[in-house]
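Below is one structure, written out as structure tokens; comments come after it.
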Amino acid sequence: MFSINDLEITRVERTRVNDQPLVNLPFGKYFTDHMLEVDYVDGAWQKPVIKPYAPISFEPSLAALHYGQAIFEGIKAYKNEQGEVVIFRGIDNCKRFNVSATRLQMPTVPEDVFIGGMNALVKLDSLWIPLVSDHSLYIRPFMFATDCFLGVKPSETYKFMIVLSPAGPYYAAPLKILVEQHYVRAVKGGVGYAKAAGNYASALLATTEAKAKGFDQVLWTDPFEHKYVHEMGVMNVFFIIGDKAYTPSLEDGTILAGVTRDSIIVLLREMGFDVVEGAINIDMIVEAYRAGTLREAFGTGTAATVSMIKELQYQDVEMKFDIDAWTVSPALKTALTDIRQGKTSDRFGWMHTV
Ligand SMILES: Cc1ncc(COP(=O)(O)O)c(C=O)c1O
């Protein structure tokens, strides 16, 4: 049985870190010098290795390509004002990764391998952490089935990997959102709560159609009435109405339990808001908009951080917002950024130093 203490590191001969300036980076385009790789064979995790970032090759019968046993996570690392390399709530992503693994009939990854491997990789490639605002080192852990076999059954072998990408913001501008009225992302009993690769593939068509109509994303709704809101693309959703903040509950397993969502709930309560996690009927949002009590609407996610919704369309109702007058979402974004950059105390214990 291997542990993170067996980690073997092979370094690149020449770093690529100076090949492009780490400013104005698109999301997800560049990758650092190294990657982590751990194989699951004969019912056990093998020796963890860090090696130069490079292509990997497989037979065309690779199970993940045919039957979709593939999951991932998204985490961010920063260099704080004290010069330390810090990671935001990685342990929570590790736990969620293993929830996804269990749902997809994949082996769980031991916490010491996930966290220890991530720390070692981020430390090794820490020169790749961008130091400009709204940028970070995006950490992408993932696992996929590696049996070379055709036939629907859980694979017997898997590969767990982590790659790192220096990245700018996922959404650079406030969002124009369409409340989805036809397609469905998730149902109770399904895989909505898992970060399964297939969830993103099945969401593409709705998003492409919404983009063709001039929107940035869809706000998914329940599968029966298309009235109860779920989440958007790679974000959870929040509405501020009066002195209350509303976000869909995690109860029926249709939405991803966002780590940012959880952090925003904590920060909103600290700011004095009454946070309601429940079933949110779009009619309530429309009524609040018409009554002038809908103060703000925004999405939250690791990649997207806090993204304001400037326009929300439900059927033929167009809700347009004067986002320049908003105070809550900018304050939340600042509060999160300040904790990550070490400008304010890490009072909730969200940061860990590598
Ligand atoms: C479907 C979906 N919902 C919500 C989120 C936000 O989750 P988190 O805040 O953990 O990044 C993400 C991004 O990870 C996502 O992919």
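Naming scheme: A, B, ... for chains in displayed order of the structure tokens; residues 1 onward per chain; ligands 1 onward as shown.
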Identify, counting only C-alpha atoms and all ligand atoms, the protein, DNA and RNA residues located within 7 Å of ligand 1, and give them as a list in words. Glu73, Gly74, Asn93, Lys195, Glu231, Met232, Gly233, Val234, Met235, Asn236, Ile255, Leu256, Ala257, Gly258, Val259, Thr260, Arg261, Thr300, Gly301, Thr302 and Ala303 of chain A
Apply DSSP to the structure's backbone, then extract all residues of segment 24-243 of chain A labelled strand (DSSP E or B) and return them as a PyMOL selection string. chain A and resi 34-41+44-45+49-52+62+70-72+75-79+85-88+136-145+148+158-167+175-179+196+217-221+228-232+235-241
Considering only C-alpha atoms, return as a ChimeraX atom specification whatever protein or nucleic-acid residues lie within 12 Å of Asn199 of chain A, sequence-local ones (same chain, fewer than 4 positions apart) excluded. /A:68-72,100,104,184-187,190-195,203-205,233-234,254-256
Limited to N, CA, C and O atoms, could you put the picked residues into a file as a compact mmCIF listing (two decimals), in the first residue's frame?
# COMPACT_ATOMS: atom_id res chain seq x y z
N GLY A 68 -17.91 6.98 -19.79
CA GLY A 68 -18.00 8.23 -19.04
C GLY A 68 -17.66 8.22 -17.57
O GLY A 68 -18.06 9.14 -16.86
N GLN A 69 -16.95 7.21 -17.09
CA GLN A 69 -16.52 7.29 -15.68
C GLN A 69 -15.37 8.29 -15.60
O GLN A 69 -14.20 7.94 -15.79
N ALA A 70 -15.72 9.54 -15.35
CA ALA A 70 -14.72 10.60 -15.29
C ALA A 70 -15.27 11.71 -14.40
O ALA A 70 -16.42 12.14 -14.57
N ILE A 71 -14.47 12.14 -13.43
CA ILE A 71 -14.88 13.20 -12.51
C ILE A 71 -13.73 14.19 -12.35
O ILE A 71 -12.59 13.86 -12.66
N PHE A 72 -14.06 15.39 -11.84
CA PHE A 72 -12.97 16.36 -11.64
C PHE A 72 -13.30 17.33 -10.53
O PHE A 72 -14.38 17.29 -9.95
N SER A 100 -18.32 12.45 -5.47
CA SER A 100 -18.52 12.21 -6.91
C SER A 100 -18.04 10.81 -7.28
O SER A 100 -18.71 10.08 -8.03
N LEU A 104 -20.21 7.64 -9.02
CA LEU A 104 -19.84 7.11 -10.34
C LEU A 104 -19.18 5.74 -10.23
O LEU A 104 -18.55 5.27 -11.19
N VAL A 184 -32.95 19.98 -19.47
CA VAL A 184 -32.85 19.68 -18.05
C VAL A 184 -31.42 19.28 -17.72
O VAL A 184 -30.82 18.50 -18.45
N ARG A 185 -30.87 19.82 -16.63
CA ARG A 185 -29.51 19.43 -16.23
C ARG A 185 -29.52 18.25 -15.28
O ARG A 185 -28.69 17.35 -15.39
N ALA A 186 -30.48 18.27 -14.33
CA ALA A 186 -30.42 17.24 -13.27
C ALA A 186 -31.80 16.95 -12.71
O ALA A 186 -32.67 17.82 -12.69
N VAL A 187 -31.98 15.72 -12.25
CA VAL A 187 -33.22 15.32 -11.56
C VAL A 187 -32.85 14.65 -10.24
O VAL A 187 -31.73 14.14 -10.11
N GLY A 190 -30.49 11.60 -9.73
CA GLY A 190 -29.50 11.60 -10.81
C GLY A 190 -28.10 11.96 -10.30
O GLY A 190 -27.77 11.72 -9.13
N VAL A 191 -27.30 12.56 -11.18
CA VAL A 191 -25.90 12.84 -10.83
C VAL A 191 -25.60 14.34 -10.68
O VAL A 191 -24.44 14.74 -10.70
N GLY A 192 -26.66 15.14 -10.52
CA GLY A 192 -26.49 16.59 -10.46
C GLY A 192 -25.49 17.04 -9.42
O GLY A 192 -24.76 18.01 -9.61
N TYR A 193 -25.45 16.35 -8.29
CA TYR A 193 -24.58 16.77 -7.18
C TYR A 193 -23.12 16.34 -7.39
O TYR A 193 -22.24 16.71 -6.61
N ALA A 194 -22.88 15.49 -8.40
CA ALA A 194 -21.51 15.02 -8.65
C ALA A 194 -20.83 15.91 -9.68
O ALA A 194 -21.49 16.47 -10.56
N LYS A 195 -19.51 16.03 -9.55
CA LYS A 195 -18.78 16.81 -10.55
C LYS A 195 -18.31 15.82 -11.61
O LYS A 195 -17.13 15.50 -11.73
N ALA A 203 -24.84 19.56 -20.78
CA ALA A 203 -25.29 20.96 -20.66
C ALA A 203 -24.93 21.81 -21.88
O ALA A 203 -25.42 22.93 -22.02
N LEU A 204 -24.10 21.27 -22.76
CA LEU A 204 -23.55 22.10 -23.84
C LEU A 204 -24.61 22.63 -24.81
O LEU A 204 -24.57 23.80 -25.20
N LEU A 205 -25.55 21.76 -25.19
CA LEU A 205 -26.51 22.18 -26.23
C LEU A 205 -27.35 23.37 -25.77
O LEU A 205 -27.52 24.35 -26.50
N GLY A 233 -24.39 27.03 -15.35
CA GLY A 233 -23.08 26.65 -15.89
C GLY A 233 -22.16 26.08 -14.83
O GLY A 233 -22.36 24.96 -14.36
N VAL A 234 -21.18 26.87 -14.42
CA VAL A 234 -20.26 26.42 -13.38
C VAL A 234 -20.41 27.28 -12.11
O VAL A 234 -19.45 27.54 -11.41
N THR A 254 -29.77 17.84 -6.70
CA THR A 254 -29.75 18.22 -8.11
C THR A 254 -28.67 19.24 -8.44
O THR A 254 -28.35 19.43 -9.60
N ILE A 255 -28.13 19.92 -7.41
CA ILE A 255 -27.10 20.92 -7.72
C ILE A 255 -25.78 20.57 -7.03
O ILE A 255 -25.76 19.81 -6.07
N LEU A 256 -24.72 21.15 -7.57
CA LEU A 256 -23.40 20.92 -6.97
C LEU A 256 -23.30 21.73 -5.68
O LEU A 256 -23.68 22.90 -5.64
Would you write out, as a tab-separated table, a table of all residues in segment 152-228 of chain A that have an atom no more than 12 Å from an atom of segment 34-38 of chain A, listing for each the closest atom pair and the distance in Å to one decimal, considering only C-alpha atoms and ordering rows by chain and rising residue number?
residue	atom	partner	partner_atom	distance
A:Thr157	CA	A:Val38	CA	10.9
A:Tyr158	CA	A:Val38	CA	8.5
A:Lys159	CA	A:Val38	CA	5.8
A:Phe160	CA	A:Val38	CA	5.1
A:Met161	CA	A:Glu37	CA	4.5
A:Ile162	CA	A:Leu36	CA	5.0
A:Val163	CA	A:Met35	CA	5.0
A:Leu164	CA	A:Met35	CA	7.3
A:Ser165	CA	A:His34	CA	10.5
Can you check which parts of segment 256-331 of chain A lie within 9 Å of segment 245-248 of chain A? Per residue, the shortest pair of atoms and distance in Å to one decimal, counting only C-alpha atoms, sorted by chain and number, as a tab-separated table.
residue	atom	partner	partner_atom	distance
A:Arg261	CA	A:Thr247	CA	8.6
A:Ile265	CA	A:Ala245	CA	8.5
A:Leu268	CA	A:Ala245	CA	7.7
A:Phe273	CA	A:Ala245	CA	6.4
A:Asp274	CA	A:Ala245	CA	6.1
A:Val275	CA	A:Ala245	CA	4.7
A:Val276	CA	A:Tyr246	CA	4.8
A:Glu277	CA	A:Thr247	CA	5.1
A:Gly278	CA	A:Pro248	CA	5.0
A:Ala279	CA	A:Pro248	CA	5.6
A:Ile280	CA	A:Pro248	CA	6.0
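Among the candidate residues A:Ile282, A:Ile264, A:Met351, A:Ala196, the one lying nearest to Asp222 of chain A is A:Ile282, with distances computed using only C-alpha atoms.
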What separation in Å, quoted to one decimal, exists between atom CA of Asp6 of chain A and atom CA of Val113 of chain A?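 Rounded to one decimal, the two atoms are 9.9 Å apart.
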Can you pull out every residue within 12 Å of Arg290 of chain A, counting only C-alpha atoms, but drop anything in the same chain fewer than 4 positions away, and send it as JSON, numbers by chain? {"A": [241, 283, 284, 285, 286, 294, 295, 317, 318, 319, 320, 321]}
Could you take the residues named above and write them with N, CA and C atoms, as a PDB file, in the first residue's frame?
ATOM      1  N   ILE A 241     -33.069  39.703  -1.703  1.00  0.00           N
ATOM      2  CA  ILE A 241     -34.389  40.353  -1.705  1.00  0.00           C
ATOM      3  C   ILE A 241     -34.597  40.950  -0.318  1.00  0.00           C
ATOM      4  N   ASP A 283     -41.184  32.647 -10.046  1.00  0.00           N
ATOM      5  CA  ASP A 283     -42.259  33.639  -9.896  1.00  0.00           C
ATOM      6  C   ASP A 283     -41.955  34.607  -8.741  1.00  0.00           C
ATOM      7  N   MET A 284     -41.329  34.071  -7.682  1.00  0.00           N
ATOM      8  CA  MET A 284     -40.985  34.933  -6.540  1.00  0.00           C
ATOM      9  C   MET A 284     -39.943  35.979  -6.963  1.00  0.00           C
ATOM     10  N   ILE A 285     -39.016  35.555  -7.835  1.00  0.00           N
ATOM     11  CA  ILE A 285     -37.970  36.476  -8.292  1.00  0.00           C
ATOM     12  C   ILE A 285     -38.591  37.570  -9.171  1.00  0.00           C
ATOM     13  N   VAL A 286     -39.494  37.145 -10.065  1.00  0.00           N
ATOM     14  CA  VAL A 286     -40.151  38.106 -10.964  1.00  0.00           C
ATOM     15  C   VAL A 286     -40.974  39.109 -10.136  1.00  0.00           C
ATOM     16  N   LEU A 294     -36.037  43.176  -5.390  1.00  0.00           N
ATOM     17  CA  LEU A 294     -34.926  42.311  -5.799  1.00  0.00           C
ATOM     18  C   LEU A 294     -33.685  43.191  -5.949  1.00  0.00           C
ATOM     19  N   ARG A 295     -32.796  43.087  -4.951  1.00  0.00           N
ATOM     20  CA  ARG A 295     -31.656  44.020  -4.930  1.00  0.00           C
ATOM     21  C   ARG A 295     -30.511  43.560  -5.807  1.00  0.00           C
ATOM     22  N   VAL A 317     -40.343  37.742 -19.846  1.00  0.00           N
ATOM     23  CA  VAL A 317     -40.045  38.783 -18.845  1.00  0.00           C
ATOM     24  C   VAL A 317     -38.542  39.079 -18.852  1.00  0.00           C
ATOM     25  N   GLU A 318     -38.193  40.301 -19.167  1.00  0.00           N
ATOM     26  CA  GLU A 318     -36.784  40.709 -19.174  1.00  0.00           C
ATOM     27  C   GLU A 318     -36.486  41.503 -17.918  1.00  0.00           C
ATOM     28  N   MET A 319     -35.606  40.953 -17.067  1.00  0.00           N
ATOM     29  CA  MET A 319     -35.252  41.683 -15.848  1.00  0.00           C
ATOM     30  C   MET A 319     -33.868  42.290 -16.057  1.00  0.00           C
ATOM     31  N   LYS A 320     -33.798  43.601 -16.001  1.00  0.00           N
ATOM     32  CA  LYS A 320     -32.521  44.301 -16.220  1.00  0.00           C
ATOM     33  C   LYS A 320     -32.135  45.036 -14.947  1.00  0.00           C
ATOM     34  N   PHE A 321     -30.854  44.990 -14.631  1.00  0.00           N
ATOM     35  CA  PHE A 321     -30.415  45.536 -13.353  1.00  0.00           C
ATOM     36  C   PHE A 321     -29.374  46.640 -13.508  1.00  0.00           C
TER      37      PHE A 321
END
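Among the candidates A:Asp33, A:Asp134, A:Asp92, A:Glu8, the residue lying nearest to Thr334 of chain A is A:Asp134 (atoms considered: only C-alpha atoms).
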Name all residues at most 9 Å from His182 of chain A (count only C-alpha atoms; drop same-chain ones fewer than 5 positions away) and give them as a VMD selection string. chain A and resid 206 223 226
I need the residues from that last selection saved to file as a PDB file, in the first residue's frame (with all heavy atoms), if you can.
ATOM      1  N   ALA A 206     -27.852  23.284 -24.528  1.00  0.00           N
ATOM      2  CA  ALA A 206     -28.673  24.390 -24.003  1.00  0.00           C
ATOM      3  C   ALA A 206     -27.860  25.682 -23.970  1.00  0.00           C
ATOM      4  O   ALA A 206     -28.360  26.760 -24.328  1.00  0.00           O
ATOM      5  CB  ALA A 206     -29.165  24.050 -22.603  1.00  0.00           C
ATOM      6  N   PRO A 223     -36.957  19.808 -13.501  1.00  0.00           N
ATOM      7  CA  PRO A 223     -37.340  19.085 -14.721  1.00  0.00           C
ATOM      8  C   PRO A 223     -38.840  19.010 -14.980  1.00  0.00           C
ATOM      9  O   PRO A 223     -39.260  18.622 -16.078  1.00  0.00           O
ATOM     10  CB  PRO A 223     -36.785  17.678 -14.479  1.00  0.00           C
ATOM     11  CG  PRO A 223     -36.631  17.556 -13.016  1.00  0.00           C
ATOM     12  CD  PRO A 223     -36.386  18.920 -12.472  1.00  0.00           C
ATOM     13  N   HIS A 226     -40.108  23.621 -14.804  1.00  0.00           N
ATOM     14  CA  HIS A 226     -39.140  24.660 -15.208  1.00  0.00           C
ATOM     15  C   HIS A 226     -39.390  25.963 -14.466  1.00  0.00           C
ATOM     16  O   HIS A 226     -39.364  27.046 -15.037  1.00  0.00           O
ATOM     17  CB  HIS A 226     -39.182  24.891 -16.723  1.00  0.00           C
ATOM     18  CG  HIS A 226     -38.603  23.752 -17.499  1.00  0.00           C
ATOM     19  ND1 HIS A 226     -37.284  23.397 -17.444  1.00  0.00           N
ATOM     20  CD2 HIS A 226     -39.186  22.861 -18.337  1.00  0.00           C
ATOM     21  CE1 HIS A 226     -37.063  22.350 -18.209  1.00  0.00           C
ATOM     22  NE2 HIS A 226     -38.202  21.992 -18.760  1.00  0.00           N
TER      23      HIS A 226
END
